[in-house]
>>> print(open('target-v1.cif').read())   # mmCIF, C-alpha atoms
data_protein
loop_
_atom_site.label_atom_id
_atom_site.label_comp_id
_atom_site.auth_asym_id
_atom_site.auth_seq_id
_atom_site.Cartn_x
_atom_site.Cartn_y
_atom_site.Cartn_z
CA MET A 1 -49.41 130.17 -117.85
CA LYS A 2 -49.08 130.72 -114.11
CA ILE A 3 -48.63 134.25 -112.77
CA SER A 4 -46.43 134.85 -109.75
CA ASN A 5 -48.37 137.15 -107.42
CA LEU A 6 -47.34 139.05 -104.29
CA MET A 7 -50.06 138.13 -101.82
CA ILE A 8 -50.81 139.04 -98.21
CA THR A 9 -51.61 135.58 -96.87
CA GLY A 10 -52.06 136.41 -93.20
CA THR A 11 -52.57 139.39 -90.87
CA GLY A 12 -52.47 140.05 -87.15
CA SER A 13 -52.69 142.99 -84.77
CA TYR A 14 -52.37 143.92 -81.13
CA VAL A 15 -54.67 146.55 -79.65
CA PRO A 16 -53.63 147.51 -76.08
CA ASN A 17 -56.17 147.07 -73.29
CA CYS A 18 -55.74 150.49 -71.65
CA ILE A 19 -58.44 152.87 -72.95
CA VAL A 20 -57.71 156.60 -72.56
CA THR A 21 -60.63 158.94 -73.29
CA ASN A 22 -60.48 162.63 -74.14
CA GLN A 23 -61.83 163.35 -70.66
CA ASP A 24 -58.79 161.60 -69.14
CA PHE A 25 -56.67 164.54 -70.32
CA ALA A 26 -58.64 166.98 -68.14
CA THR A 27 -55.90 167.01 -65.50
CA ASN A 28 -53.26 168.01 -68.07
CA LYS A 29 -52.51 171.71 -68.34
CA PHE A 30 -51.89 172.52 -72.01
CA PHE A 31 -49.43 175.18 -73.19
CA ASP A 32 -48.55 176.47 -76.64
CA GLU A 33 -45.02 176.23 -78.08
CA ARG A 34 -44.11 179.56 -76.41
CA GLY A 35 -44.99 178.21 -72.97
CA LYS A 36 -48.24 180.18 -72.69
CA ALA A 37 -51.19 178.36 -71.13
CA PHE A 38 -54.36 178.06 -73.20
CA GLU A 39 -57.29 180.00 -71.79
CA ALA A 40 -59.93 177.64 -73.17
CA SER A 41 -61.36 175.07 -70.76
CA HIS A 42 -60.54 171.40 -71.19
CA SER A 43 -64.09 170.67 -72.36
CA GLU A 44 -63.73 173.31 -75.10
CA ILE A 45 -60.34 171.93 -76.16
CA ALA A 46 -61.65 168.34 -76.16
CA GLU A 47 -64.77 169.26 -78.14
CA LYS A 48 -62.77 171.05 -80.84
CA PHE A 49 -60.19 168.25 -80.87
CA LYS A 50 -62.83 165.58 -81.49
CA ALA A 51 -64.52 167.68 -84.19
CA ILE A 52 -61.25 167.96 -86.13
CA THR A 53 -59.59 164.59 -85.55
CA GLY A 54 -62.57 162.34 -84.88
CA ILE A 55 -60.74 160.83 -81.92
CA GLU A 56 -62.87 159.97 -78.89
CA GLU A 57 -60.41 157.63 -77.22
CA ARG A 58 -57.10 155.91 -77.83
CA ARG A 59 -55.20 152.87 -76.56
CA TYR A 60 -52.01 152.89 -74.48
CA VAL A 61 -49.78 149.87 -74.02
CA GLU A 62 -49.41 148.16 -70.65
CA ASP A 63 -46.39 149.22 -68.54
CA ASN A 64 -44.73 145.82 -68.77
CA LEU A 65 -44.64 145.83 -72.60
CA VAL A 66 -42.51 147.64 -75.18
CA ALA A 67 -42.87 148.01 -78.95
CA SER A 68 -40.98 144.84 -79.85
CA ASP A 69 -43.20 142.84 -77.44
CA ILE A 70 -46.46 143.91 -79.01
CA GLY A 71 -44.93 143.64 -82.48
CA ALA A 72 -44.15 139.99 -81.76
CA LEU A 73 -47.72 139.43 -80.52
CA ALA A 74 -49.13 140.79 -83.79
CA ALA A 75 -46.55 138.81 -85.77
CA ARG A 76 -47.57 135.51 -84.18
CA LEU A 77 -51.18 136.10 -85.16
CA ALA A 78 -50.18 136.92 -88.75
CA ILE A 79 -48.03 133.77 -88.99
CA GLU A 80 -50.86 131.67 -87.57
CA ASP A 81 -53.36 133.26 -89.96
CA ALA A 82 -51.08 132.56 -92.94
CA GLY A 83 -50.47 129.00 -91.77
CA VAL A 84 -46.73 129.20 -92.41
CA ASP A 85 -43.74 127.79 -90.57
CA PRO A 86 -41.83 130.80 -89.19
CA GLU A 87 -38.56 128.99 -89.98
CA THR A 88 -39.40 129.39 -93.68
CA LEU A 89 -39.50 133.20 -93.49
CA ASP A 90 -36.84 134.88 -95.63
CA GLN A 91 -37.28 138.38 -94.21
CA ILE A 92 -38.60 139.95 -91.03
CA ILE A 93 -39.12 143.67 -91.61
CA VAL A 94 -40.22 145.83 -88.67
CA ALA A 95 -41.46 149.40 -89.11
CA HIS A 96 -41.36 151.79 -86.16
CA ASN A 97 -40.11 155.28 -85.26
CA PHE A 98 -38.87 155.21 -81.67
CA GLY A 99 -37.76 151.66 -80.95
CA ASP A 100 -38.42 150.21 -77.52
CA VAL A 101 -39.22 152.86 -74.91
CA LYS A 102 -39.75 151.54 -71.40
CA ALA A 103 -42.60 152.91 -69.28
CA ASN A 104 -41.87 156.17 -67.43
CA THR A 105 -38.80 156.87 -69.56
CA ILE A 106 -38.19 158.90 -72.70
CA GLN A 107 -35.11 157.03 -73.96
CA THR A 108 -35.37 155.07 -77.20
CA ASP A 109 -33.65 151.70 -77.55
CA VAL A 110 -32.86 150.26 -81.00
CA LEU A 111 -29.82 148.14 -80.16
CA PRO A 112 -30.33 145.44 -81.23
CA SER A 113 -32.88 146.27 -83.92
CA LEU A 114 -36.54 145.66 -83.20
CA ALA A 115 -36.62 143.17 -86.09
CA SER A 116 -33.92 141.09 -84.37
CA ARG A 117 -35.88 141.28 -81.12
CA VAL A 118 -39.07 140.17 -82.85
CA LYS A 119 -37.20 137.30 -84.51
CA HIS A 120 -35.85 136.30 -81.09
CA ALA A 121 -39.31 136.49 -79.51
CA LEU A 122 -40.72 134.30 -82.27
CA GLY A 123 -37.96 131.76 -81.68
CA VAL A 124 -36.88 131.72 -85.34
CA LYS A 125 -33.51 129.95 -85.53
CA ASN A 126 -32.87 130.10 -89.29
CA PRO A 127 -29.93 132.55 -89.82
CA ALA A 128 -30.96 132.99 -93.47
CA CYS A 129 -34.08 134.79 -92.21
CA VAL A 130 -32.79 138.37 -92.32
CA ALA A 131 -34.21 140.85 -89.79
CA SER A 132 -34.16 144.59 -90.52
CA ASP A 133 -35.91 147.76 -89.39
CA VAL A 134 -37.66 150.43 -91.46
CA LEU A 135 -37.71 154.08 -90.30
CA PHE A 136 -40.07 155.87 -92.67
CA GLY A 137 -42.46 157.79 -90.44
CA CYS A 138 -46.10 156.75 -90.34
CA PRO A 139 -45.90 155.13 -93.83
CA GLY A 140 -43.35 152.64 -92.44
CA TRP A 141 -45.51 149.50 -92.67
CA ILE A 142 -46.54 150.16 -96.26
CA GLN A 143 -42.89 150.85 -97.04
CA GLY A 144 -41.98 147.54 -95.41
CA VAL A 145 -44.45 145.75 -97.67
CA ILE A 146 -42.99 147.58 -100.69
CA GLN A 147 -39.49 146.49 -99.65
CA ALA A 148 -40.67 142.91 -99.18
CA ALA A 149 -42.18 143.04 -102.67
CA ALA A 150 -38.87 144.30 -104.07
CA PHE A 151 -36.93 141.44 -102.45
CA MET A 152 -39.39 138.92 -103.83
CA ARG A 153 -39.46 140.40 -107.33
CA ALA A 154 -35.64 140.31 -107.29
CA GLY A 155 -35.69 136.60 -106.47
CA MET A 156 -34.10 137.17 -103.05
CA ALA A 157 -37.12 136.08 -100.99
CA LYS A 158 -40.35 134.12 -101.27
CA LYS A 159 -41.93 134.75 -97.89
CA CYS A 160 -41.68 137.87 -95.71
CA LEU A 161 -43.11 139.00 -92.38
CA VAL A 162 -43.79 142.74 -92.18
CA VAL A 163 -44.50 144.17 -88.73
CA ALA A 164 -45.51 147.65 -87.58
CA THR A 165 -45.29 148.60 -83.92
CA GLU A 166 -45.30 151.81 -81.93
CA THR A 167 -45.72 153.13 -78.38
CA LEU A 168 -46.20 156.84 -78.98
CA SER A 169 -47.67 157.34 -75.51
CA ARG A 170 -44.12 157.05 -74.20
CA VAL A 171 -42.72 159.95 -76.26
CA VAL A 172 -45.44 162.60 -75.93
CA ASP A 173 -45.38 165.87 -74.02
CA LYS A 174 -48.42 165.77 -71.72
CA HIS A 175 -48.57 169.59 -71.82
CA ASP A 176 -48.95 169.64 -75.62
CA ARG A 177 -52.49 169.39 -77.05
CA ASP A 178 -51.12 167.25 -79.87
CA SER A 179 -50.40 164.52 -77.32
CA MET A 180 -54.11 163.66 -77.51
CA ILE A 181 -53.68 162.43 -81.08
CA PHE A 182 -51.14 159.70 -80.45
CA ALA A 183 -51.70 156.07 -79.48
CA ASP A 184 -50.03 152.65 -79.27
CA GLY A 185 -50.52 149.44 -81.20
CA ALA A 186 -49.06 146.87 -83.56
CA GLY A 187 -50.02 145.21 -86.83
CA ALA A 188 -48.39 142.60 -89.04
CA CYS A 189 -48.76 140.62 -92.23
CA VAL A 190 -47.13 137.76 -94.11
CA VAL A 191 -46.41 138.46 -97.79
CA GLU A 192 -45.74 135.51 -100.09
CA LEU A 193 -45.11 134.74 -103.74
CA VAL A 194 -48.15 132.73 -104.82
CA ASP A 195 -48.71 131.30 -108.30
CA GLY A 196 -52.13 131.99 -109.78
CA ASP A 197 -54.10 132.02 -113.01
CA LYS A 198 -54.66 135.80 -112.94
CA GLN A 199 -52.99 138.88 -111.54
CA GLU A 200 -53.79 139.43 -107.87
CA GLY A 201 -52.18 140.86 -104.74
CA ILE A 202 -49.90 143.86 -105.15
CA ILE A 203 -50.51 145.31 -108.61
CA GLY A 204 -49.24 148.86 -108.14
CA MET A 205 -46.96 150.87 -105.83
CA GLU A 206 -46.01 154.52 -105.33
CA MET A 207 -43.66 156.24 -102.90
CA GLY A 208 -41.86 159.54 -102.42
CA THR A 209 -39.96 161.74 -99.98
CA TRP A 210 -40.19 165.53 -99.73
CA ALA A 211 -37.25 166.74 -97.62
CA VAL A 212 -36.43 170.30 -98.69
CA ASP A 213 -38.92 172.54 -96.91
CA GLU A 214 -40.94 169.69 -95.39
CA VAL A 215 -38.31 167.67 -93.55
CA ASN A 216 -39.06 169.08 -90.08
CA TYR A 217 -42.85 169.12 -90.17
CA LEU A 218 -42.58 166.35 -87.55
CA PHE A 219 -39.61 166.51 -85.20
CA MET A 220 -38.32 165.95 -81.69
CA GLY A 221 -38.46 169.04 -79.47
CA ALA A 222 -38.51 170.30 -75.89
CA GLY A 223 -41.65 170.33 -73.75
CA ASN A 224 -44.10 173.23 -73.97
CA THR A 225 -43.77 174.51 -70.41
CA GLU A 226 -41.44 177.45 -69.69
CA ASN A 227 -39.28 175.39 -67.36
CA ALA A 228 -39.08 172.34 -69.63
CA ASP A 229 -35.68 170.65 -69.74
CA PRO A 230 -34.30 171.33 -73.27
CA ALA A 231 -32.34 168.08 -73.08
CA VAL A 232 -35.55 166.05 -72.82
CA ARG A 233 -37.33 165.91 -76.15
CA TYR A 234 -40.76 164.74 -77.28
CA ILE A 235 -42.55 164.14 -80.56
CA LYS A 236 -43.73 167.48 -82.00
CA MET A 237 -45.41 168.53 -85.20
CA HIS A 238 -46.44 171.52 -87.28
CA GLY A 239 -50.04 170.38 -87.69
CA ARG A 240 -51.21 173.01 -90.16
CA LYS A 241 -48.24 172.45 -92.47
CA ILE A 242 -48.74 168.68 -92.37
CA TYR A 243 -52.43 169.12 -93.15
CA GLU A 244 -51.75 171.34 -96.16
CA PHE A 245 -48.95 169.09 -97.41
CA ALA A 246 -51.10 165.97 -97.17
CA LEU A 247 -54.03 167.54 -99.01
CA THR A 248 -51.73 168.68 -101.80
CA LYS A 249 -49.52 165.62 -102.27
CA VAL A 250 -51.32 162.48 -101.07
CA PRO A 251 -54.24 162.45 -103.57
CA GLN A 252 -51.83 162.72 -106.49
CA ALA A 253 -49.64 159.92 -105.12
CA MET A 254 -52.70 157.70 -104.72
CA LYS A 255 -53.77 158.41 -108.30
CA SER A 256 -50.25 157.69 -109.53
CA CYS A 257 -50.39 154.32 -107.77
CA LEU A 258 -53.68 153.46 -109.46
CA ASP A 259 -52.32 154.62 -112.82
CA LYS A 260 -49.33 152.29 -112.46
CA ALA A 261 -51.73 149.45 -111.67
CA GLY A 262 -53.76 150.22 -114.79
CA VAL A 263 -56.95 150.92 -112.86
CA ASP A 264 -58.85 154.00 -111.70
CA ILE A 265 -60.94 155.15 -108.77
CA HIS A 266 -64.09 153.49 -110.11
CA ASP A 267 -62.45 150.09 -109.62
CA VAL A 268 -61.59 150.69 -105.95
CA SER A 269 -63.69 148.92 -103.32
CA LYS A 270 -61.94 150.17 -100.17
CA ILE A 271 -59.38 152.83 -99.29
CA LEU A 272 -57.38 152.11 -96.15
CA ILE A 273 -55.59 155.36 -95.36
CA HIS A 274 -53.34 156.18 -92.39
CA GLN A 275 -55.55 157.11 -89.43
CA ALA A 276 -54.03 160.48 -88.57
CA ASN A 277 -56.95 162.90 -88.60
CA GLU A 278 -60.48 162.12 -89.75
CA LYS A 279 -61.10 165.58 -91.24
CA MET A 280 -57.80 165.41 -93.16
CA ASP A 281 -58.43 161.86 -94.39
CA ARG A 282 -61.90 162.70 -95.68
CA GLU A 283 -60.58 165.76 -97.51
CA ILE A 284 -57.78 163.66 -99.08
CA ILE A 285 -60.34 161.17 -100.40
CA LYS A 286 -62.53 164.00 -101.67
CA ARG A 287 -59.59 165.47 -103.57
CA LEU A 288 -58.61 162.05 -104.94
CA PHE A 289 -62.08 161.63 -106.44
CA ARG A 290 -61.92 165.14 -107.89
CA LEU A 291 -58.79 164.13 -109.82
CA TYR A 292 -61.16 161.77 -111.65
CA ARG A 293 -63.78 164.52 -111.98
CA GLU A 294 -66.00 162.72 -109.51
CA ARG A 295 -67.97 164.58 -106.84
CA GLU A 296 -69.82 161.65 -105.33
CA ILE A 297 -67.83 159.42 -102.95
CA PRO A 298 -69.26 155.91 -102.49
CA GLU A 299 -70.56 155.29 -98.98
CA GLY A 300 -68.33 153.03 -96.91
CA ILE A 301 -65.32 153.21 -99.21
CA MET A 302 -63.04 154.57 -96.45
CA PRO A 303 -63.10 152.49 -93.22
CA MET A 304 -62.04 154.37 -90.09
CA SER A 305 -60.61 153.20 -86.78
CA ILE A 306 -59.33 156.51 -85.42
CA HIS A 307 -62.42 157.20 -83.31
CA LYS A 308 -61.56 154.49 -80.78
CA LEU A 309 -57.89 153.69 -81.49
CA GLY A 310 -56.32 157.09 -82.18
CA ASN A 311 -53.18 157.50 -84.27
CA SER A 312 -50.71 154.65 -83.67
CA SER A 313 -48.45 155.81 -86.53
CA VAL A 314 -47.05 152.85 -88.53
CA SER A 315 -49.66 150.54 -87.02
CA THR A 316 -52.91 152.19 -88.14
CA VAL A 317 -53.18 150.68 -91.64
CA PRO A 318 -52.19 147.07 -90.82
CA THR A 319 -54.39 147.08 -87.70
CA LEU A 320 -57.35 148.35 -89.70
CA LEU A 321 -56.73 145.75 -92.42
CA ASP A 322 -56.51 142.94 -89.87
CA GLN A 323 -59.66 144.02 -88.04
CA ILE A 324 -61.65 144.17 -91.28
CA ARG A 325 -60.42 140.73 -92.30
CA ARG A 326 -61.34 139.30 -88.89
CA GLY A 327 -64.66 141.14 -88.62
CA THR A 328 -63.63 142.99 -85.44
CA SER A 329 -63.48 146.57 -86.76
CA GLU A 330 -65.57 149.29 -85.15
CA GLU A 331 -67.30 149.92 -88.46
CA LYS A 332 -68.63 146.82 -90.23
CA HIS A 333 -66.77 146.33 -93.49
CA GLU A 334 -66.06 143.31 -95.67
CA LEU A 335 -63.34 142.41 -98.15
CA ASN A 336 -64.38 140.04 -100.89
CA LYS A 337 -62.37 138.07 -103.41
CA GLY A 338 -61.47 140.33 -106.33
CA ASP A 339 -61.91 143.61 -104.44
CA LEU A 340 -59.38 146.32 -105.28
CA ILE A 341 -57.97 147.94 -102.14
CA LEU A 342 -55.90 151.13 -102.02
CA LEU A 343 -53.53 151.41 -99.04
CA ALA A 344 -51.95 154.83 -98.43
CA SER A 345 -50.05 156.78 -95.79
CA VAL A 346 -48.23 160.04 -95.11
CA GLY A 347 -45.83 160.98 -92.34
CA ALA A 348 -42.51 162.25 -91.06
CA GLY A 349 -39.86 162.72 -93.69
CA MET A 350 -42.11 163.91 -95.25
CA ASN A 351 -42.92 160.55 -96.81
CA ILE A 352 -45.90 159.30 -98.80
CA ASN A 353 -46.62 155.86 -100.23
CA ALA A 354 -49.45 153.75 -101.58
CA ILE A 355 -50.20 150.19 -102.69
CA ALA A 356 -52.94 148.99 -105.04
CA TYR A 357 -53.92 145.48 -103.95
CA ARG A 358 -56.27 143.02 -105.64
CA TYR A 359 -57.75 140.98 -102.79
#
>>> encode(input="target-v1.cif", output="structure tokens")
Amino acid sequence: MKISNLMITGTGSYVPNCIVTNQDFATNKFFDERGKAFEASHSEIAEKFKAITGIEERRYVEDNLVASDIGALAARLAIEDAGVDPETLDQIIVAHNFGDVKANTIQTDVLPSLASRVKHALGVKNPACVASDVLFGCPGWIQGVIQAAAFMRAGMAKKCLVVATETLSRVVDKHDRDSMIFADGAGACVVELVDGDKQEGIIGMEMGTWAVDEVNYLFMGAGNTENADPAVRYIKMHGRKIYEFALTKVPQAMKSCLDKAGVDIHDVSKILIHQANEKMDREIIKRLFRLYREREIPEGIMPMSIHKLGNSSVSTVPTLLDQIRRGTSEEKHELNKGDLILLASVGAGMNINAIAYRY
């Protein structure tokens, strides 16, 4: 008896060419949220920043490109990798947070939707290919894959393109230390229903939203300088609260995902977690293993890309997945047939999700 599996059949990503190092922020004067300048030197700030986040450099998109442009570039690679005719796509789902933001502006543009723009850029004529956006914070791409899976399980689609794209460099306050975290990039995948002899692909999913006390942990706010225009707003976050929330909630959500898949941590080959903060990610994995009463974490189980690419929000997980599959990741990792992969993310909302995937 054939089993209908939800498989990622192709991936693609776009990593911008402009490299911005921690030292490149030396000309920025940083202020706290009260408008008071930090007394520490830039070298002290950069050293502490790297120690906590792991970020040495990040990528910014070229001035002539916007989020939908780089999303389409990643999408083309995913379609090519999957070997599918784009006219046969049933869904194009694009995850982002700020839409298209042109260089040297702060205004977001989501009319029409980025998914419609990506469909246009790809030249897909089929009107039955429905294009829609997902706004779910940093977990947006994983949520897009979950939505694609739902459409396919419901018999409403057989082949979906899920894209993640973001240009956070265009919405940061250069006088806020947190601006050093954010980056640009795009990732994409094709998800298809594929008949097989055994269960593969997506075997478990978990998602949740905490919006009582946590809803404004990430928000849009005025610049940090005393004379900042209150009408001009930038991405802001309560870093300590996000850190504590993630350490408390994400490990349990990841375990719940594995439980639903009928597997446990000992079966997992790789964990691809949102690249937000290296120290936070490592503590999340440590706490996940402790839920299984395990103290020893296998070497190489958690690939990282944050050191060179920074935090590109929705794009971190699909970019990391694509680079591992293509052998272009900073750290050398491999995915082999039968490997169990755990994908997980946390972000604005506050939202958390995870997917257990049999490769």
>>> closest_residue(input="target-v1.cif", among="A:Lys260, A:His274, A:Lys249, A:Lys125", to="Gly137 in chain A", atoms="only C-alpha atoms")
A:His274
>>> closest_residue(input="target-v1.cif", among="A:Gly310, A:Gly201, A:Gly196, A:Gly239", to="Ile8 in chain A", atoms="only C-alpha atoms")
A:Gly201
>>> resolve_selection(input="target-v1.cif", expression="the PyMOL selection byres ((chain A and resi 222) around 10)", output="ChimeraX atom specification")
/A:33,173,220-221,223-236
>>> resolve_selection(input="target-v1.cif", expression="the PyMOL selection byres ((chain A and resi 301) around 10)", output="ChimeraX atom specification")
/A:268-272,285,297-300,302-304,333,341
>>> residues_around(input="target-v1.cif", residues="Arg170 in chain A", least_positions_apart="3", cutoff="7 Å", atoms="only C-alpha atoms", output="count of residues only")
4
>>> resolve_selection(input="target-v1.cif", expression="the PyMOL selection byres ((chain A and resi 213-217) around 8)", output="VMD selection string")
chain A and resid 210 to 212 218 to 219 237 to 239 241 to 242 348 to 350
>>> write_last_selection(input="target-v1.cif", atoms="C-alpha atoms", output="PDB file, in the frame of the given file")
ATOM      1  CA  TRP A 210     -40.190 165.530 -99.730  1.00  0.00           C
ATOM      2  CA  ALA A 211     -37.250 166.740 -97.620  1.00  0.00           C
ATOM      3  CA  VAL A 212     -36.430 170.300 -98.690  1.00  0.00           C
ATOM      4  CA  LEU A 218     -42.580 166.350 -87.550  1.00  0.00           C
ATOM      5  CA  PHE A 219     -39.610 166.510 -85.200  1.00  0.00           C
ATOM      6  CA  MET A 237     -45.410 168.530 -85.200  1.00  0.00           C
ATOM      7  CA  HIS A 238     -46.440 171.520 -87.280  1.00  0.00           C
ATOM      8  CA  GLY A 239     -50.040 170.380 -87.690  1.00  0.00           C
ATOM      9  CA  LYS A 241     -48.240 172.450 -92.470  1.00  0.00           C
ATOM     10  CA  ILE A 242     -48.740 168.680 -92.370  1.00  0.00           C
ATOM     11  CA  ALA A 348     -42.510 162.250 -91.060  1.00  0.00           C
ATOM     12  CA  GLY A 349     -39.860 162.720 -93.690  1.00  0.00           C
ATOM     13  CA  MET A 350     -42.110 163.910 -95.250  1.00  0.00           C
TER      14      MET A 350
END
>>> closest_residue(input="target-v1.cif", among="A:Asp176, A:Gln23, A:Gly123, A:Lys308", to="Lys36 in chain A", atoms="all atoms listed in the file")
A:Asp176
>>> closest_residue(input="target-v1.cif", among="A:Arg58, A:Leu77, A:Ala150, A:Ala72", to="Ala115 in chain A", atoms="all atoms listed in the file")
A:Ala72
>>> atom_distance(input="target-v1.cif", atom1="CA of Pro139 in chain A", atom2="CA of Lys337 in chain A")
25.6 Å
>>> closest_residue(input="target-v1.cif", among="A:Cys257, A:Cys129, A:Ile181, A:Leu161", to="Val84 in chain A", atoms="only C-alpha atoms")
A:Leu161
>>> atom_distance(input="target-v1.cif", atom1="CA of Thr165 in chain A", atom2="CA of Val314 in chain A")
6.5 Å
>>> atom_distance(input="target-v1.cif", atom1="CA of Leu135 in chain A", atom2="CA of Leu320 in chain A")
20.5 Å
>>> residues_around(input="target-v1.cif", residues="Phe289 in chain A", least_positions_apart="6", cutoff="12 Å", atoms="all atoms listed in the file", output="ChimeraX atom specification")
/A:251-252,254-255,264-268,271,282-283,295-298,301
>>> closest_residue(input="target-v1.cif", among="A:Gln275, A:Val124, A:Gly204, A:Arg290", to="His307 in chain A", atoms="all atoms listed in the file")
A:Gln275
>>> closest_atom_pairs(input="target-v1.cif", of="range 75-115 of chain A", to="range 321-332 of chain A", cutoff="12 Å", atoms="all atoms listed in the file", output="tab-separated table")
residue	atom	partner	partner_atom	distance
A:Ala75	CA	A:Asp322	CA	11.5
A:Leu77	CA	A:Asp322	CA	9.9
A:Ala78	CA	A:Asp322	CA	8.8
A:Asp81	CA	A:Arg326	CA	10.1
>>> residues_around(input="target-v1.cif", residues="Ala183 in chain A", least_positions_apart="6", cutoff="6 Å", atoms="only C-alpha atoms", output="VMD selection string")
chain A and resid 58 to 60 168 to 169 310 to 312
>>> axis_aligned_box(input="target-v1.cif", around="range 300-307 of chain A", padding_each_side="5 Å", output="lines of an AutoDock Vina configuration file")
center_x = -63.8
center_y = 154.8
center_z = -91.3
size_x = 19.0
size_y = 14.7
size_z = 25.9
>>> residues_around(input="target-v1.cif", residues="Leu193 in chain A", least_positions_apart="6", cutoff="6 Å", atoms="all atoms listed in the file", output="ChimeraX atom specification")
/A:5-6,158
>>> residues_near_point(input="target-v1.cif", point="(-52.0, 145.6, -78.5)", cutoff="9 Å", atoms="all atoms listed in the file", output="list of chain:residue names")
A:Ser13, A:Tyr14, A:Val15, A:Pro16, A:Asn17, A:Arg59, A:Tyr60, A:Val61, A:Glu62, A:Ile70, A:Gly71, A:Leu73, A:Ala74, A:Asp184, A:Gly185, A:Ala186, A:Gly187
>>> decode(input="target-v1.cif", residues="range 206-217 of chain A", atoms="C-alpha atoms", output="mmCIF file, in the first residue's frame")
data_model
loop_
_atom_site.group_PDB
_atom_site.id
_atom_site.type_symbol
_atom_site.label_atom_id
_atom_site.label_comp_id
_atom_site.auth_asym_id
_atom_site.auth_seq_id
_atom_site.Cartn_x
_atom_site.Cartn_y
_atom_site.Cartn_z
ATOM 1 C CA GLU A 206 3.535 21.860 16.453
ATOM 2 C CA MET A 207 2.594 25.534 16.670
ATOM 3 C CA GLY A 208 1.332 28.082 19.170
ATOM 4 C CA THR A 209 0.802 31.769 19.886
ATOM 5 C CA TRP A 210 1.283 33.496 23.249
ATOM 6 C CA ALA A 211 -0.364 36.933 23.033
ATOM 7 C CA VAL A 212 -1.423 37.938 26.548
ATOM 8 C CA ASP A 213 1.693 39.284 28.250
ATOM 9 C CA GLU A 214 4.056 38.435 25.391
ATOM 10 C CA VAL A 215 2.438 40.151 22.408
ATOM 11 C CA ASN A 216 4.715 43.222 22.416
ATOM 12 C CA TYR A 217 8.059 41.574 23.083
#
